[in-house]
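The file model_30.cif contains mmCIF, C-alpha atoms:
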data_model
loop_
_atom_site.label_atom_id
_atom_site.label_comp_id
_atom_site.auth_asym_id
_atom_site.auth_seq_id
_atom_site.Cartn_x
_atom_site.Cartn_y
_atom_site.Cartn_z
CA MET A 112 17.33 118.99 -51.67
CA SER A 113 15.59 121.10 -54.32
CA GLU A 114 16.36 124.80 -54.69
CA LYS A 115 12.66 125.64 -54.23
CA ALA A 116 12.63 124.09 -50.76
CA THR A 117 15.59 126.20 -49.62
CA LYS A 118 14.02 129.61 -50.32
CA LYS A 119 11.29 131.34 -48.40
CA ARG A 120 7.88 131.76 -49.94
CA GLU A 121 7.52 135.16 -51.63
CA ASP A 122 3.78 135.20 -52.37
CA HIS A 123 2.57 135.71 -48.80
CA ILE A 124 0.10 138.47 -47.93
CA SER A 125 1.32 141.84 -46.65
CA TRP A 126 0.73 143.13 -43.13
CA ASP A 127 -1.95 145.47 -44.53
CA GLU A 128 -3.73 142.58 -46.24
CA TYR A 129 -3.53 140.48 -43.09
CA PHE A 130 -4.86 143.10 -40.67
CA MET A 131 -7.54 144.42 -43.02
CA GLY A 132 -8.58 140.78 -43.49
CA VAL A 133 -8.94 140.50 -39.71
CA ALA A 134 -11.02 143.72 -39.66
CA LYS A 135 -13.26 142.36 -42.45
CA LEU A 136 -13.72 139.05 -40.67
CA THR A 137 -14.50 140.85 -37.40
CA ALA A 138 -17.16 142.91 -39.23
CA GLU A 139 -18.97 139.65 -39.95
CA ARG A 140 -19.86 139.44 -36.23
CA SER A 141 -22.08 142.53 -36.53
CA LYS A 142 -25.80 141.81 -36.51
CA ASP A 143 -26.63 145.16 -38.11
CA PRO A 144 -28.75 144.39 -41.19
CA ASN A 145 -27.36 147.38 -43.13
CA SER A 146 -23.78 148.11 -42.08
CA GLN A 147 -21.14 145.68 -40.90
CA VAL A 148 -17.99 147.49 -39.79
CA GLY A 149 -14.90 145.87 -38.30
CA ALA A 150 -11.78 147.26 -36.66
CA CYS A 151 -8.43 145.80 -35.68
CA ILE A 152 -5.85 147.68 -33.58
CA VAL A 153 -2.24 146.67 -34.14
CA SER A 154 0.96 147.53 -32.27
CA GLU A 155 4.05 148.96 -33.93
CA ASP A 156 5.59 145.47 -33.92
CA HIS A 157 2.62 143.95 -35.82
CA ARG A 158 0.77 142.36 -32.92
CA ILE A 159 -3.02 142.47 -32.69
CA LEU A 160 -4.01 144.42 -29.59
CA SER A 161 -7.79 144.44 -29.96
CA MET A 162 -10.71 144.05 -32.35
CA GLY A 163 -14.27 145.34 -32.49
CA TYR A 164 -17.39 145.53 -34.61
CA ASN A 165 -20.51 147.70 -34.60
CA GLY A 166 -23.24 146.53 -32.25
CA PHE A 167 -25.13 147.24 -29.08
CA PRO A 168 -23.28 147.53 -25.75
CA SER A 169 -22.82 144.37 -23.69
CA GLY A 170 -25.98 143.51 -21.82
CA CYS A 171 -28.25 145.31 -24.30
CA SER A 172 -30.14 142.66 -26.23
CA ASP A 173 -29.98 142.98 -29.99
CA ASP A 174 -33.51 141.55 -30.02
CA GLU A 175 -34.90 144.37 -27.86
CA TYR A 176 -33.22 147.42 -29.39
CA PRO A 177 -34.07 148.84 -32.82
CA TRP A 178 -32.11 148.20 -36.02
CA ALA A 179 -34.11 150.83 -37.93
CA ARG A 180 -32.30 153.64 -39.76
CA GLU A 181 -35.23 156.07 -39.84
CA GLY A 182 -37.68 157.25 -37.21
CA ASP A 183 -37.59 159.23 -34.00
CA GLU A 184 -34.35 159.27 -32.03
CA LEU A 185 -35.35 156.51 -29.62
CA SER A 186 -36.52 154.23 -32.46
CA VAL A 187 -33.30 154.12 -34.51
CA LYS A 188 -30.10 152.17 -34.07
CA TYR A 189 -27.83 155.25 -34.09
CA THR A 190 -28.87 156.16 -30.55
CA TYR A 191 -27.70 152.79 -29.20
CA VAL A 192 -25.01 151.21 -31.41
CA THR A 193 -21.35 151.33 -30.43
CA HIS A 194 -19.10 151.74 -33.46
CA ALA A 195 -16.43 149.19 -34.32
CA GLU A 196 -13.53 151.55 -33.56
CA LEU A 197 -14.84 152.43 -30.12
CA ASN A 198 -15.59 148.77 -29.38
CA ALA A 199 -12.00 147.87 -30.30
CA ILE A 200 -10.71 150.59 -27.97
CA LEU A 201 -13.02 149.48 -25.14
CA ASN A 202 -12.16 145.80 -25.70
CA PHE A 203 -8.43 146.49 -25.27
CA ARG A 204 -6.97 144.78 -22.21
CA GLY A 205 -3.48 146.19 -22.27
CA GLY A 206 -1.73 144.81 -19.26
CA ASN A 207 1.76 146.29 -19.66
CA THR A 208 1.05 147.84 -23.06
CA SER A 209 -0.95 150.78 -24.35
CA LEU A 210 -2.41 151.93 -27.65
CA LEU A 211 0.25 154.63 -28.05
CA GLY A 212 1.63 154.54 -31.58
CA ALA A 213 -0.79 151.83 -32.70
CA THR A 214 -2.42 151.47 -36.10
CA LEU A 215 -6.17 151.07 -36.52
CA TYR A 216 -7.36 149.01 -39.48
CA VAL A 217 -11.03 149.73 -40.11
CA THR A 218 -13.46 148.91 -42.89
CA LEU A 219 -15.18 152.35 -42.80
CA PHE A 220 -13.55 155.74 -42.14
CA PRO A 221 -14.14 156.75 -38.49
CA CYS A 222 -16.85 159.24 -37.53
CA ASN A 223 -16.05 162.34 -35.49
CA GLU A 224 -17.05 160.68 -32.20
CA CYS A 225 -14.74 157.72 -32.78
CA ALA A 226 -12.02 160.12 -33.97
CA LYS A 227 -12.02 161.75 -30.52
CA ALA A 228 -11.48 158.38 -28.80
CA ILE A 229 -8.82 157.35 -31.33
CA ILE A 230 -6.86 160.55 -30.73
CA GLN A 231 -7.23 160.37 -26.93
CA THR A 232 -5.91 156.80 -26.75
CA GLY A 233 -2.75 157.59 -28.72
CA ILE A 234 -3.49 155.62 -31.88
CA ARG A 235 -1.29 157.29 -34.51
CA HIS A 236 -2.21 155.66 -37.82
CA ILE A 237 -5.45 154.66 -39.54
CA VAL A 238 -5.81 152.37 -42.54
CA TYR A 239 -9.36 152.39 -43.83
CA GLU A 240 -11.12 150.56 -46.64
CA SER A 241 -14.17 152.71 -47.42
CA ASP A 242 -14.72 156.44 -47.18
CA LYS A 243 -18.31 156.42 -48.43
CA TYR A 244 -19.29 159.27 -46.11
CA ALA A 245 -16.34 161.49 -47.10
CA ASP A 246 -18.54 164.51 -47.81
CA THR A 247 -20.44 164.42 -44.52
CA PRO A 248 -19.72 166.87 -41.69
CA SER A 249 -18.81 163.95 -39.39
CA THR A 250 -16.05 162.63 -41.66
CA ILE A 251 -14.79 166.12 -42.53
CA ALA A 252 -14.55 166.85 -38.79
CA SER A 253 -12.72 163.55 -38.22
CA LYS A 254 -10.10 164.38 -40.83
CA ARG A 255 -9.70 167.88 -39.45
CA MET A 256 -9.09 166.53 -35.93
CA PHE A 257 -6.73 163.79 -37.19
CA ASP A 258 -4.73 166.38 -39.12
CA SER A 259 -4.49 168.66 -36.06
CA ALA A 260 -3.49 165.79 -33.76
CA GLY A 261 -0.93 164.31 -36.17
CA VAL A 262 -2.84 161.07 -36.76
CA THR A 263 -2.08 159.77 -40.24
CA TYR A 264 -4.70 158.05 -42.36
CA ARG A 265 -4.60 156.33 -45.71
CA ARG A 266 -6.90 154.28 -47.84
CA TYR A 267 -6.21 150.56 -47.87
CA GLY A 268 -4.74 149.41 -51.15
CA ASN A 269 -3.01 146.17 -51.80
CA SER A 270 -0.49 145.13 -54.37
CA GLY A 271 -2.75 143.34 -56.79
CA ARG A 272 -3.95 140.70 -54.34
CA LYS A 273 -7.47 140.69 -53.09
CA VAL A 274 -8.15 139.18 -49.71
CA VAL A 275 -11.65 137.76 -49.87
CA ILE A 276 -13.34 136.49 -46.74
CA GLU A 277 -16.10 134.06 -47.62
CA LEU A 278 -18.08 132.41 -44.87
#
Let me see the structure of the file written as structure tokens.
Amino acid sequence: MSEKATKKREDHISWDEYFMGVAKLTAERSKDPNSQVGACIVSEDHRILSMGYNGFPSGCSDDEYPWAREGDELSVKYTYVTHAELNAILNFRGGNTSLLGATLYVTLFPCNECAKAIIQTGIRHIVYESDKYADTPSTIASKRMFDSAGVTYRRYGNSGRKVVIEL
């Protein structure tokens, strides 16, 4: 038997790469023409608990509601869309488990409304890919609440590998 066959493979992806890859793939389900955001909630023992992406609530047709970004409040998507993080929380079917101590992998830093739900459910860690709205009041408020509640957050960074999801 060769020596190579007796050793484990060392070039596998990390947990961060794996779960951020799941979040990125989940984002591809979003029908939003401008922003596709995905989230993956993971237990402390590296098990996927739930996933979500940004879109309209169940039963609300994405053909009948607006995708526009500008206009009056009832004519823009922001009034109707559920964010990926909240969808992942609402999609969770815990059985004998909870979200206490879980990690949220998300492609865009959570807004202040999602931050409230994240804190309330007991998620303790956030790994995010983009913080493109870092200077907005919503993101500043999120970070302030996370800091107060002891929720850690860090930008996703891998060790030289790039997980690319091509469909």
When the PyMOL selection byres ((chain A and resi 220-232) around 7) is applied to the file above, which residues end up in the set, as an MDAnalysis selection string?
chainID A and resid 196:197 210:211 217:219 233:234 239 241:242 249:250 252:253 260
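Between CA of Asn202 (chain A) and CA of Ser161 (chain A) there is a distance of 6.3 Å.
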Just to confirm, what's the straight-line distance from CA of Asn198 (chain A) to CA of Gly163 (chain A) in Å (one decimal)?
4.8 Å
Env of Lys135 (chain A): 8 Å cut, atoms = only C-alpha atoms, seq-sep filter 6 positions within chain, self excluded. Answer as a list of chain:residue names.
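Answer for this query is A:Val148, A:Gly149, A:Ala150, A:Thr218, A:Ile276.
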With all atoms listed in the file counted, which protein, DNA or RNA residues have an atom no more than 12 Å from (-33.6, 152.6, -34.4) in the file frame? Please answer as a VMD selection string.
chain A and resid 143 to 145 167 173 to 192
Coordinates-based distance that separates CA of Leu215 (chain A) from CA of Thr263 (chain A) (Å, one decimal):
10.3 Å
Given the PyMOL selection byres ((chain A and resi 264) around 10), the residues it picks as a VMD selection string
chain A and resid 214 to 216 220 235 to 239 254 257 to 258 261 to 263 265 to 267
